[in-house]
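Printed here is model.cif (mmCIF, C-alpha atoms and all ligand atoms):
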```cif
data_target
loop_
_atom_site.label_atom_id
_atom_site.label_comp_id
_atom_site.auth_asym_id
_atom_site.auth_seq_id
_atom_site.Cartn_x
_atom_site.Cartn_y
_atom_site.Cartn_z
CA MET A 13 -35.52 -104.38 -30.22
CA VAL A 14 -32.42 -104.89 -28.08
CA GLU A 15 -29.65 -107.04 -29.60
CA THR A 16 -28.86 -109.62 -26.91
CA ILE A 17 -26.25 -111.54 -28.87
CA GLU A 18 -24.84 -111.30 -32.38
CA TRP A 19 -22.19 -112.95 -34.50
CA THR A 20 -19.89 -110.27 -35.96
CA PRO A 21 -16.54 -110.39 -37.79
CA ALA A 22 -14.93 -109.16 -34.53
CA GLY A 23 -16.43 -111.97 -32.44
CA VAL A 24 -19.57 -112.82 -30.46
CA VAL A 25 -21.04 -109.53 -29.26
CA MET A 26 -23.36 -109.52 -26.22
CA ILE A 27 -25.05 -106.78 -24.29
CA ASP A 28 -23.59 -106.95 -20.75
CA GLN A 29 -26.60 -107.87 -18.59
CA THR A 30 -24.65 -107.41 -15.36
CA ARG A 31 -24.46 -103.67 -16.08
CA LEU A 32 -27.96 -102.92 -17.32
CA PRO A 33 -29.88 -100.69 -16.86
CA ARG A 34 -27.36 -98.15 -15.63
CA GLU A 35 -24.93 -98.73 -18.48
CA THR A 36 -25.51 -100.13 -21.96
CA VAL A 37 -22.20 -101.82 -22.66
CA PHE A 38 -21.43 -104.46 -25.28
CA VAL A 39 -18.84 -107.18 -24.72
CA THR A 40 -17.03 -108.84 -27.61
CA CYS A 41 -15.95 -112.43 -26.97
CA THR A 42 -13.07 -113.33 -29.27
CA ASP A 43 -12.67 -116.93 -28.14
CA TYR A 44 -14.76 -119.73 -26.65
CA LEU A 45 -13.29 -119.30 -23.17
CA GLN A 46 -14.63 -115.75 -23.08
CA VAL A 47 -18.06 -117.01 -24.19
CA ALA A 48 -17.97 -119.63 -21.40
CA ASP A 49 -17.02 -116.94 -18.92
CA ALA A 50 -19.82 -114.65 -20.14
CA ILE A 51 -22.35 -117.45 -19.53
CA ARG A 52 -20.93 -118.28 -16.09
CA THR A 53 -20.84 -114.65 -14.93
CA MET A 54 -24.26 -113.93 -16.43
CA ILE A 55 -23.16 -111.26 -18.88
CA ILE A 56 -25.58 -113.33 -20.93
CA ARG A 57 -28.34 -115.25 -19.16
CA GLY A 58 -31.81 -116.66 -19.72
CA ALA A 59 -32.21 -120.20 -21.04
CA PRO A 60 -32.72 -119.58 -24.79
CA ALA A 61 -30.00 -116.87 -24.88
CA ILE A 62 -27.61 -119.29 -23.18
CA GLY A 63 -28.44 -121.86 -25.89
CA VAL A 64 -27.55 -119.35 -28.62
CA ALA A 65 -24.37 -118.35 -26.77
CA ALA A 66 -23.36 -122.00 -26.48
CA ALA A 67 -23.79 -122.55 -30.24
CA MET A 68 -21.83 -119.38 -30.99
CA GLY A 69 -19.20 -120.41 -28.42
CA VAL A 70 -18.64 -123.69 -30.26
CA ALA A 71 -18.50 -121.82 -33.58
CA ILE A 72 -15.92 -119.30 -32.40
CA GLY A 73 -13.98 -122.10 -30.71
CA VAL A 74 -13.52 -124.04 -33.94
CA ALA A 75 -13.03 -120.85 -35.98
CA LYS A 76 -10.09 -119.84 -33.77
CA SER A 77 -8.57 -123.31 -33.46
CA ALA A 78 -5.49 -124.52 -35.35
CA ASP A 79 -6.90 -128.08 -35.14
CA PRO A 80 -10.69 -127.85 -34.81
CA ASP A 81 -11.29 -131.62 -34.90
CA ALA A 82 -8.85 -132.20 -32.07
CA ASP A 83 -10.24 -129.30 -30.01
CA PHE A 84 -13.94 -129.81 -30.70
CA GLU A 85 -14.88 -131.90 -27.63
CA ARG A 86 -12.84 -129.74 -25.24
CA ILE A 87 -14.68 -126.66 -26.52
CA CYS A 88 -18.06 -128.37 -26.05
CA GLU A 89 -17.20 -129.65 -22.59
CA THR A 90 -15.90 -126.27 -21.41
CA LEU A 91 -19.13 -124.58 -22.49
CA ALA A 92 -21.25 -127.37 -20.98
CA ALA A 93 -19.60 -126.86 -17.58
CA THR A 94 -20.77 -123.24 -17.22
CA ARG A 95 -24.32 -123.49 -15.81
CA PRO A 96 -26.21 -126.70 -15.03
CA THR A 97 -29.95 -125.93 -15.01
CA ALA A 98 -30.94 -124.39 -18.35
CA VAL A 99 -31.18 -127.36 -20.69
CA ASN A 100 -30.94 -125.04 -23.70
CA LEU A 101 -27.19 -124.84 -23.03
CA PHE A 102 -26.82 -128.58 -23.66
CA TRP A 103 -29.33 -128.45 -26.51
CA GLY A 104 -27.22 -125.78 -28.28
CA ILE A 105 -24.03 -127.79 -27.82
CA GLU A 106 -25.69 -131.03 -28.97
CA ARG A 107 -26.95 -129.32 -32.11
CA MET A 108 -23.37 -128.26 -32.93
CA ARG A 109 -22.08 -131.77 -32.15
CA ARG A 110 -24.60 -133.29 -34.57
CA LEU A 111 -23.64 -130.81 -37.26
CA TRP A 112 -19.92 -131.50 -36.78
CA ALA A 113 -20.42 -135.27 -36.87
CA GLY A 114 -22.40 -134.93 -40.11
CA LEU A 115 -19.44 -133.12 -41.72
CA HIS A 116 -16.98 -135.91 -40.95
CA GLY A 117 -14.27 -136.14 -43.62
CA LYS A 118 -14.85 -132.64 -45.05
CA PRO A 119 -12.01 -130.06 -45.08
CA ALA A 120 -11.68 -128.10 -41.80
CA VAL A 121 -12.38 -124.76 -43.47
CA GLU A 122 -15.72 -126.06 -44.77
CA LYS A 123 -16.65 -127.47 -41.36
CA VAL A 124 -15.83 -124.22 -39.61
CA ALA A 125 -17.86 -122.19 -42.10
CA ALA A 126 -20.81 -124.55 -41.57
CA ALA A 127 -20.48 -124.23 -37.78
CA VAL A 128 -20.60 -120.44 -38.01
CA ARG A 129 -23.65 -120.60 -40.32
CA GLU A 130 -25.39 -122.99 -37.92
CA ALA A 131 -24.77 -120.76 -34.88
CA ILE A 132 -26.16 -117.75 -36.74
CA LEU A 133 -29.19 -119.85 -37.71
CA VAL A 134 -29.78 -120.89 -34.08
CA ARG A 135 -30.03 -117.18 -33.20
CA GLU A 136 -32.38 -116.35 -36.08
CA GLU A 137 -34.59 -119.34 -35.32
CA ASP A 138 -34.82 -118.33 -31.67
CA ILE A 139 -36.33 -114.96 -32.53
CA ALA A 140 -38.88 -116.62 -34.84
CA ILE A 141 -39.70 -119.20 -32.15
CA CYS A 142 -40.34 -116.47 -29.57
CA LYS A 143 -42.73 -114.74 -31.97
CA ARG A 144 -44.66 -118.00 -32.43
CA ILE A 145 -44.77 -118.50 -28.64
CA GLY A 146 -46.17 -114.98 -28.37
CA ALA A 147 -48.82 -115.68 -31.01
CA HIS A 148 -49.93 -118.89 -29.24
CA GLY A 149 -50.02 -117.22 -25.82
CA ALA A 150 -51.57 -113.83 -26.55
CA ASP A 151 -55.17 -115.12 -26.40
CA LEU A 152 -54.65 -116.45 -22.88
CA VAL A 153 -53.93 -112.99 -21.49
CA PRO A 154 -57.12 -111.39 -20.14
CA ASP A 155 -57.84 -107.94 -21.54
CA GLY A 156 -57.92 -105.03 -19.12
CA LYS A 157 -55.96 -106.83 -16.40
CA THR A 158 -52.41 -106.96 -15.03
CA VAL A 159 -49.93 -109.70 -15.93
CA LEU A 160 -47.46 -110.67 -13.23
CA THR A 161 -44.06 -112.02 -14.27
CA HIS A 162 -40.99 -113.21 -12.40
CA CYS A 163 -37.33 -112.86 -13.41
CA ASN A 164 -36.62 -111.85 -17.01
CA ALA A 165 -37.95 -114.05 -19.78
CA GLY A 166 -37.75 -111.28 -22.33
CA ALA A 167 -35.73 -110.18 -25.33
CA LEU A 168 -32.65 -110.18 -23.10
CA ALA A 169 -33.18 -113.82 -22.10
CA THR A 170 -33.53 -114.93 -25.73
CA ALA A 171 -32.11 -113.82 -29.06
CA GLY A 172 -35.00 -111.33 -29.13
CA TYR A 173 -38.72 -110.74 -28.35
CA GLY A 174 -38.78 -113.11 -25.36
CA THR A 175 -40.91 -116.00 -24.17
CA ALA A 176 -43.02 -114.75 -21.24
CA LEU A 177 -42.48 -111.15 -22.34
CA GLY A 178 -43.10 -112.31 -25.93
CA VAL A 179 -46.60 -113.37 -24.84
CA ILE A 180 -47.07 -109.96 -23.23
CA ARG A 181 -45.72 -108.16 -26.32
CA ALA A 182 -48.00 -110.18 -28.60
CA ALA A 183 -51.04 -109.41 -26.40
CA VAL A 184 -50.20 -105.69 -26.54
CA GLU A 185 -49.70 -105.90 -30.33
CA LYS A 186 -53.21 -107.42 -30.55
CA GLY A 187 -54.55 -104.30 -28.87
CA LYS A 188 -55.13 -105.72 -25.39
CA LYS A 189 -55.08 -103.13 -22.63
CA ILE A 190 -52.76 -104.76 -20.16
CA ASP A 191 -50.03 -103.72 -17.79
CA VAL A 192 -47.27 -105.70 -16.11
CA PHE A 193 -46.18 -106.27 -12.54
CA ALA A 194 -42.52 -107.32 -12.50
CA ASP A 195 -41.11 -109.10 -9.45
CA GLU A 196 -37.68 -107.65 -8.69
CA THR A 197 -36.20 -111.20 -8.46
CA ARG A 198 -33.74 -111.27 -5.61
CA PRO A 199 -30.82 -111.76 -5.50
CA PHE A 200 -29.67 -111.03 -9.06
CA LEU A 201 -32.50 -108.55 -9.68
CA GLN A 202 -33.34 -109.65 -13.23
CA GLY A 203 -36.85 -108.23 -12.77
CA ALA A 204 -35.79 -104.84 -11.43
CA ARG A 205 -32.86 -104.38 -13.76
CA LEU A 206 -33.81 -106.21 -16.96
CA THR A 207 -37.59 -106.77 -17.23
CA ALA A 208 -38.37 -103.26 -16.00
CA TRP A 209 -35.81 -101.84 -18.43
CA GLU A 210 -36.86 -103.71 -21.55
CA LEU A 211 -40.61 -103.19 -21.03
CA GLN A 212 -40.01 -99.51 -20.35
CA GLN A 213 -38.05 -99.30 -23.63
CA ASP A 214 -41.10 -100.74 -25.40
CA GLY A 215 -43.52 -98.36 -23.67
CA ILE A 216 -45.40 -101.23 -21.96
CA SER A 217 -46.83 -100.01 -18.66
CA THR A 218 -44.82 -101.74 -15.93
CA THR A 219 -44.80 -101.60 -12.14
CA LEU A 220 -41.89 -102.99 -10.18
CA ILE A 221 -42.66 -104.89 -6.98
CA THR A 222 -40.42 -106.76 -4.56
CA ASP A 223 -40.80 -110.54 -4.55
CA ASN A 224 -42.52 -110.57 -1.16
CA MET A 225 -45.32 -108.31 -2.50
CA ALA A 226 -46.49 -110.87 -5.07
CA GLY A 227 -48.93 -112.61 -2.70
CA HIS A 228 -50.49 -109.31 -1.69
CA PHE A 229 -51.16 -108.31 -5.30
CA LEU A 230 -52.26 -111.80 -6.40
CA ARG A 231 -54.98 -111.58 -3.73
CA SER A 232 -56.00 -108.08 -4.75
CA GLY A 233 -58.06 -109.07 -7.81
CA ARG A 234 -56.13 -106.97 -10.31
CA ILE A 235 -53.81 -109.72 -11.61
CA GLY A 236 -55.37 -111.57 -14.56
CA CYS A 237 -52.64 -114.16 -15.05
CA VAL A 238 -49.02 -114.99 -14.30
CA VAL A 239 -46.63 -115.68 -17.20
CA VAL A 240 -43.07 -116.87 -16.59
CA GLY A 241 -40.31 -118.55 -18.58
CA ALA A 242 -38.54 -121.82 -17.85
CA ASP A 243 -35.02 -123.21 -17.69
CA ARG A 244 -35.97 -126.84 -17.96
CA ILE A 245 -39.29 -128.65 -18.16
CA ALA A 246 -39.38 -132.31 -17.18
CA GLY A 247 -41.45 -134.90 -19.04
CA ASN A 248 -44.30 -134.64 -16.49
CA GLY A 249 -44.55 -130.83 -16.85
CA ASP A 250 -42.67 -129.89 -13.67
CA VAL A 251 -40.94 -126.58 -14.40
CA ALA A 252 -37.55 -125.33 -13.22
CA ASN A 253 -37.36 -121.55 -13.36
CA LYS A 254 -35.81 -118.69 -11.42
CA ILE A 255 -35.87 -119.07 -7.63
CA GLY A 256 -39.15 -117.68 -6.33
CA THR A 257 -41.26 -118.97 -9.23
CA TYR A 258 -42.67 -121.82 -7.11
CA SER A 259 -43.95 -119.40 -4.44
CA VAL A 260 -45.66 -117.31 -7.14
CA ALA A 261 -47.26 -120.43 -8.66
CA VAL A 262 -48.65 -121.61 -5.31
CA LEU A 263 -50.02 -118.14 -4.55
CA ALA A 264 -51.56 -117.93 -8.04
CA LYS A 265 -53.40 -121.24 -7.58
CA GLU A 266 -54.54 -120.26 -4.08
CA ASN A 267 -56.08 -117.12 -5.58
CA GLY A 268 -57.58 -118.82 -8.66
CA ILE A 269 -55.23 -117.06 -11.11
CA PRO A 270 -53.93 -118.94 -14.18
CA PHE A 271 -50.19 -119.62 -14.10
CA TYR A 272 -48.66 -119.93 -17.58
CA VAL A 273 -45.15 -121.03 -18.54
CA ALA A 274 -43.84 -119.82 -21.92
CA ALA A 275 -40.87 -121.74 -23.31
CA PRO A 276 -39.48 -123.15 -26.55
CA ILE A 277 -39.48 -126.88 -27.25
CA SER A 278 -35.68 -126.76 -26.67
CA THR A 279 -36.43 -126.19 -22.96
CA LEU A 280 -38.20 -129.57 -22.71
CA ASP A 281 -36.13 -132.35 -21.21
CA LEU A 282 -38.15 -135.47 -21.89
CA THR A 283 -35.26 -137.62 -20.64
CA LEU A 284 -36.31 -136.58 -17.12
CA GLU A 285 -39.50 -138.06 -15.70
CA SER A 286 -40.02 -135.36 -13.11
CA GLY A 287 -38.65 -132.08 -11.80
CA GLU A 288 -36.96 -133.95 -8.93
CA GLN A 289 -34.23 -134.90 -11.40
CA ILE A 290 -33.49 -131.36 -12.62
CA PRO A 291 -30.06 -130.17 -11.44
CA ILE A 292 -30.41 -126.90 -9.52
CA GLU A 293 -27.53 -124.47 -9.78
CA GLU A 294 -26.22 -123.20 -6.44
CA ARG A 295 -24.52 -119.85 -6.94
CA ALA A 296 -22.11 -118.00 -4.68
CA ALA A 297 -23.51 -116.96 -1.31
CA ASP A 298 -22.06 -113.46 -1.69
CA GLU A 299 -24.71 -112.75 -4.37
CA VAL A 300 -27.14 -112.97 -1.41
CA THR A 301 -25.07 -111.28 1.29
CA SER A 302 -24.06 -108.34 -0.94
CA VAL A 303 -25.86 -106.05 -3.38
CA PHE A 304 -23.68 -104.59 -6.15
CA GLY A 305 -20.60 -105.52 -4.11
CA VAL A 306 -21.85 -103.78 -0.95
CA PRO A 307 -22.29 -106.18 2.00
CA ILE A 308 -25.81 -106.06 3.49
CA ALA A 309 -25.48 -108.88 6.05
CA PRO A 310 -23.13 -109.44 8.97
CA GLU A 311 -19.73 -110.75 7.94
CA GLY A 312 -19.45 -114.53 8.28
CA ILE A 313 -23.22 -115.22 8.13
CA ALA A 314 -24.18 -118.44 6.36
CA ALA A 315 -26.26 -117.89 3.21
CA ARG A 316 -27.71 -120.14 0.52
CA HIS A 317 -28.30 -119.36 -3.12
CA PRO A 318 -30.19 -121.95 -5.13
CA ALA A 319 -30.67 -120.04 -8.38
CA PHE A 320 -33.76 -122.00 -9.48
CA ASP A 321 -36.71 -123.85 -8.01
CA VAL A 322 -39.09 -126.45 -9.38
CA THR A 323 -42.81 -125.78 -9.72
CA PRO A 324 -44.78 -129.04 -9.68
CA ASN A 325 -47.03 -129.50 -12.71
CA ARG A 326 -50.24 -129.24 -10.67
CA TYR A 327 -49.67 -125.47 -10.40
CA VAL A 328 -49.19 -124.99 -14.14
CA SER A 329 -52.32 -124.01 -16.11
CA ALA A 330 -50.61 -124.37 -19.51
CA ILE A 331 -47.19 -124.46 -21.12
CA ILE A 332 -47.01 -122.18 -24.16
CA THR A 333 -44.58 -123.34 -26.85
CA GLU A 334 -43.92 -122.40 -30.46
CA ARG A 335 -45.91 -125.48 -31.46
CA GLY A 336 -48.96 -124.62 -29.39
CA LEU A 337 -50.20 -125.18 -25.84
CA ALA A 338 -49.63 -128.11 -23.54
CA ARG A 339 -52.12 -128.73 -20.74
CA ALA A 340 -52.50 -131.47 -18.14
CA PRO A 341 -51.88 -134.36 -18.40
CA PHE A 342 -48.51 -132.94 -19.40
CA ALA A 343 -46.74 -136.25 -19.92
CA GLU A 344 -49.04 -136.78 -22.91
CA SER A 345 -49.40 -133.22 -24.19
CA LEU A 346 -45.66 -132.46 -24.03
CA ARG A 347 -44.74 -135.68 -25.80
CA ALA A 348 -47.29 -134.93 -28.51
CA LEU A 349 -45.87 -131.41 -29.00
CA SER A 350 -42.32 -132.74 -29.14
CA LEU A 351 -43.32 -134.94 -32.09
CA LEU A 352 -45.10 -132.15 -33.99
CA GLU A 353 -43.63 -130.01 -36.73
CA ASP A 354 -43.26 -126.29 -35.93
CA ARG A 355 -46.32 -124.23 -36.77
O1 LIG B 1 -30.29 -117.09 -13.86
P1 LIG B 1 -30.95 -116.62 -15.13
O2 LIG B 1 -31.13 -115.14 -15.18
O3 LIG B 1 -30.28 -117.19 -16.35
O4 LIG B 1 -32.41 -117.25 -15.04
C1 LIG B 1 -33.32 -116.94 -16.04
C2 LIG B 1 -34.66 -117.51 -15.82
O5 LIG B 1 -34.93 -118.18 -14.84
C3 LIG B 1 -35.65 -117.30 -16.92
O6 LIG B 1 -36.94 -117.20 -16.42
C4 LIG B 1 -35.58 -118.51 -17.88
O7 LIG B 1 -34.27 -118.74 -18.27
C5 LIG B 1 -36.44 -118.32 -19.07
S1 LIG B 1 -35.78 -117.11 -20.15
C6 LIG B 1 -36.76 -116.99 -21.52
#
```
What is this file in structure tokens?
Amino acid sequence: MVETIEWTPAGVVMIDQTRLPRETVFVTCTDYLQVADAIRTMIIRGAPAIGVAAAMGVAIGVAKSADPDADFERICETLAATRPTAVNLFWGIERMRRLWAGLHGKPAVEKVAAAVREAILVREEDIAICKRIGAHGADLVPDGKTVLTHCNAGALATAGYGTALGVIRAAVEKGKKIDVFADETRPFLQGARLTAWELQQDGISTTLITDNMAGHFLRSGRIGCVVVGADRIAGNGDVANKIGTYSVAVLAKENGIPFYVAAPISTLDLTLESGEQIPIEERAADEVTSVFGVPIAPEGIAARHPAFDVTPNRYVSAIITERGLARAPFAESLRALSLLEDR
């Protein structure tokens, strides 16, 4: 399985997701500013992976600081200012804040060692969580059909195994005969570059389609279900995920196809009543007007780039978490899951 992010004696090592699949290059971040930059520039991306990177960013920040107590909040705030939508970023930072507060009065060297241990634990837990999500979701995947997915919610978007792709992997491991249709995911091409690559590495039969083909195939009868990840899920079950997810969800419902969202509990934001309140990242317009640095639109054209959209809960058949499934009414089912122990 691909190593998305690792803590090593040399620093925080990440596979550079801006260069896959053409080059497999690893980047070593030796301070927290480099980790923040890697999140912002999407060397590492995907909500759970961003959460792990944030925790490791805090750990390397305090490890490299001459006065970790004095620098702690600046490190956290710098990391928190990288990307606004994936709540896992803030979850990872909050976890480190709680740990640090609990070590008040201890010698700095002990606190730093504990921060490093915690960040490594966040990564290990994430892999285990993805496997549990897969186990809970595998039964939902119809045998003998195609699963459509959008963006990359795979090993690369997590510490390993994936959420949406974890469900697909678990279904395959159970012996189900399925194949995958991967939306290319304009403009950053996570589907074409990352999902296609990691499923191919695993030998899972995958067909790449452009985003505007999804409706055509959802109407064709071959798609058994849609499974996607999430960046933030509001208390009522509205789901923020990669731009284009909403269109897929509407088309799935129109064609009577179940639309599943696979995400860890750390992606729930129960402080928000609805998806209306989820902050949507707007990225640079040149990611739309250019492909790999080559302009494809007339110079000076206006372009927009909301990186995420919100799918209202009425389009969501179930949310698959490591603690089990949530179904409508989501306000109740999500709250109940949030109070459960992991299983
Ligand atoms: O902009 P990205 O690539 O970070 O967006 C990623 C997604 O939208 C994923 O679907 C989501 O983070 C879930 S990853 C398990």
Practice item. Point out the residue among A:Ile132, A:Val251, A:Ala48, A:Ala61 with the least atom-to-atom distance to Arg95 (chain A), counting only C-alpha atoms. Key: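 Using only C-alpha atoms, Arg95 (chain A) sits closest to A:Ala48.
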Point to revise | Nearest to Val273 (chain A) by atom-to-atom distance, counting all atoms listed in the file, from A:Gln213, A:Ser350, A:Thr161, A:Ser232 | key: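 Closest candidate: A:Thr161.
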Check your understanding: At most 9 Å from (-21.1, -108.8, -11.3), file frame, only C-alpha atoms: which residues, as a VMD selection string?
Key -> chain A and resid 30 to 31 53 to 55 299 304 to 305
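For the set A:Ser278, A:Thr222, A:Asn325, A:Thr42, the residue with the smallest atom-to-atom gap to Val64 (chain A) is A:Ser278, counting all atoms listed in the file.
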Counting only C-alpha atoms and all ligand atoms, which residues in chain A sit no more than 9 Å from ligand LIG 1 (chain B)? For each one, give the nearest pair of atoms and the distance in Å, sorted by chain then residue number, as JSON lines.
```
{"residue": "A:Ile51", "atom": "CA", "partner": "B:LIG1", "partner_atom": "O3", "distance": 8.5}
{"residue": "A:Met54", "atom": "CA", "partner": "B:LIG1", "partner_atom": "O3", "distance": 6.8}
{"residue": "A:Ile56", "atom": "CA", "partner": "B:LIG1", "partner_atom": "O3", "distance": 7.6}
{"residue": "A:Arg57", "atom": "CA", "partner": "B:LIG1", "partner_atom": "O3", "distance": 3.9}
{"residue": "A:Gly58", "atom": "CA", "partner": "B:LIG1", "partner_atom": "O7", "distance": 3.5}
{"residue": "A:Ala59", "atom": "CA", "partner": "B:LIG1", "partner_atom": "O7", "distance": 3.7}
{"residue": "A:Pro60", "atom": "CA", "partner": "B:LIG1", "partner_atom": "C6", "distance": 5.8}
{"residue": "A:Ala61", "atom": "CA", "partner": "B:LIG1", "partner_atom": "S1", "distance": 7.5}
{"residue": "A:Ile62", "atom": "CA", "partner": "B:LIG1", "partner_atom": "O3", "distance": 7.6}
{"residue": "A:Arg95", "atom": "CA", "partner": "B:LIG1", "partner_atom": "O3", "distance": 8.7}
{"residue": "A:Thr97", "atom": "CA", "partner": "B:LIG1", "partner_atom": "O3", "distance": 8.8}
{"residue": "A:Ala98", "atom": "CA", "partner": "B:LIG1", "partner_atom": "O7", "distance": 6.6}
{"residue": "A:Asn100", "atom": "CA", "partner": "B:LIG1", "partner_atom": "O7", "distance": 9.0}
{"residue": "A:Cys142", "atom": "CA", "partner": "B:LIG1", "partner_atom": "C6", "distance": 8.8}
{"residue": "A:His162", "atom": "CA", "partner": "B:LIG1", "partner_atom": "O6", "distance": 7.0}
{"residue": "A:Cys163", "atom": "CA", "partner": "B:LIG1", "partner_atom": "O6", "distance": 5.3}
{"residue": "A:Asn164", "atom": "CA", "partner": "B:LIG1", "partner_atom": "O6", "distance": 5.4}
{"residue": "A:Ala165", "atom": "CA", "partner": "B:LIG1", "partner_atom": "C6", "distance": 3.6}
{"residue": "A:Gly166", "atom": "CA", "partner": "B:LIG1", "partner_atom": "C6", "distance": 5.9}
{"residue": "A:Ala167", "atom": "CA", "partner": "B:LIG1", "partner_atom": "C6", "distance": 7.9}
{"residue": "A:Leu168", "atom": "CA", "partner": "B:LIG1", "partner_atom": "C6", "distance": 8.1}
{"residue": "A:Ala169", "atom": "CA", "partner": "B:LIG1", "partner_atom": "S1", "distance": 4.6}
{"residue": "A:Thr170", "atom": "CA", "partner": "B:LIG1", "partner_atom": "C6", "distance": 5.7}
{"residue": "A:Gly174", "atom": "CA", "partner": "B:LIG1", "partner_atom": "C6", "distance": 5.8}
{"residue": "A:Thr175", "atom": "CA", "partner": "B:LIG1", "partner_atom": "C6", "distance": 5.0}
{"residue": "A:Ala176", "atom": "CA", "partner": "B:LIG1", "partner_atom": "C6", "distance": 6.7}
{"residue": "A:Leu177", "atom": "CA", "partner": "B:LIG1", "partner_atom": "C6", "distance": 8.2}
{"residue": "A:Phe200", "atom": "CA", "partner": "B:LIG1", "partner_atom": "O2", "distance": 7.5}
{"residue": "A:Leu201", "atom": "CA", "partner": "B:LIG1", "partner_atom": "O2", "distance": 8.7}
{"residue": "A:Gln202", "atom": "CA", "partner": "B:LIG1", "partner_atom": "O2", "distance": 6.2}
{"residue": "A:Val240", "atom": "CA", "partner": "B:LIG1", "partner_atom": "O6", "distance": 6.1}
{"residue": "A:Gly241", "atom": "CA", "partner": "B:LIG1", "partner_atom": "C5", "distance": 3.9}
{"residue": "A:Ala242", "atom": "CA", "partner": "B:LIG1", "partner_atom": "C5", "distance": 4.3}
{"residue": "A:Asp243", "atom": "CA", "partner": "B:LIG1", "partner_atom": "O7", "distance": 4.6}
{"residue": "A:Arg244", "atom": "CA", "partner": "B:LIG1", "partner_atom": "O7", "distance": 8.3}
{"residue": "A:Ala252", "atom": "CA", "partner": "B:LIG1", "partner_atom": "O5", "distance": 7.8}
{"residue": "A:Asn253", "atom": "CA", "partner": "B:LIG1", "partner_atom": "O5", "distance": 4.4}
{"residue": "A:Lys254", "atom": "CA", "partner": "B:LIG1", "partner_atom": "O5", "distance": 3.6}
{"residue": "A:Ile255", "atom": "CA", "partner": "B:LIG1", "partner_atom": "O5", "distance": 7.3}
{"residue": "A:Thr257", "atom": "CA", "partner": "B:LIG1", "partner_atom": "O5", "distance": 8.5}
{"residue": "A:Ala274", "atom": "CA", "partner": "B:LIG1", "partner_atom": "C6", "distance": 7.6}
{"residue": "A:Ala275", "atom": "CA", "partner": "B:LIG1", "partner_atom": "C6", "distance": 6.5}
{"residue": "A:Pro276", "atom": "CA", "partner": "B:LIG1", "partner_atom": "C6", "distance": 8.4}
{"residue": "A:Thr279", "atom": "CA", "partner": "B:LIG1", "partner_atom": "C5", "distance": 8.8}
{"residue": "A:Glu293", "atom": "CA", "partner": "B:LIG1", "partner_atom": "O1", "distance": 8.9}
{"residue": "A:Ala319", "atom": "CA", "partner": "B:LIG1", "partner_atom": "O1", "distance": 6.2}
{"residue": "A:Phe320", "atom": "CA", "partner": "B:LIG1", "partner_atom": "O5", "distance": 6.7}
```
Check your understanding: So what do you get for CA of Cys88 (chain A) versus CA of Arg109 (chain A), distance-wise?
Key -> 8.1 Å
Practice item. To one decimal in Å, tell me the separation between CA of Lys143 (chain A) and CA of Val238 (chain A). Key: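 Distance reported for this atom pair: 18.8 Å.
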**Study point:** Nearest to Lys265 (chain A), chosen from A:Ala204, A:Ala296, A:Leu32, A:Val328, with all atoms listed in the file counted in the distances
**Key:**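 Among A:Ala204, A:Ala296, A:Leu32, A:Val328, it is A:Val328 that comes nearest to Lys265 (chain A).
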Check your understanding: So, counting all atoms listed in the file, which residue among A:Ala125, A:Ile190, A:Leu206, A:Ala93 is closest to Val14 (chain A)?
Key ->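 The closest residue to Val14 (chain A) is A:Leu206.
Closest to Pro291 (chain A) among A:Ala127, A:Ala50, A:Val99, A:Val192 is A:Val99, based on all atoms listed in the file.
What separates CA of Ile277 (chain A) from CA of Ile245 (chain A) is a distance of 9.3 Å.
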Practice item. Name the residues in contact with Phe229 (chain A) at a cut-off of 12 Å, using all atoms listed in the file, excluding same-chain residues fewer than 2 positions from it; report them as an NGL selection string. Key: :A and (158-160 or 192-195 or 219-227 or 231-238 or 260 or 263-264 or 267 or 269)
**Study point:** Surrounding residues of Ile313 (chain A) excluding itself and chain neighbours under 2 positions, 12 Å, only C-alpha atoms, as a list in words
**Key:**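 Answer for this query is Ala297, Asp298, Val300, Thr301, Ser302, Pro307, Ile308, Ala309, Pro310, Glu311, Ala315 and Arg316 of chain A.
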Listed atoms of region 47-60 of chain A, axis-aligned box, 6 Å per side: centre and edge lengths to one decimal in Å, as lines of an AutoDock Vina configuration file?
```
center_x = -24.9
center_y = -115.7
center_z = -19.9
size_x = 27.7
size_y = 20.9
size_z = 21.9
```
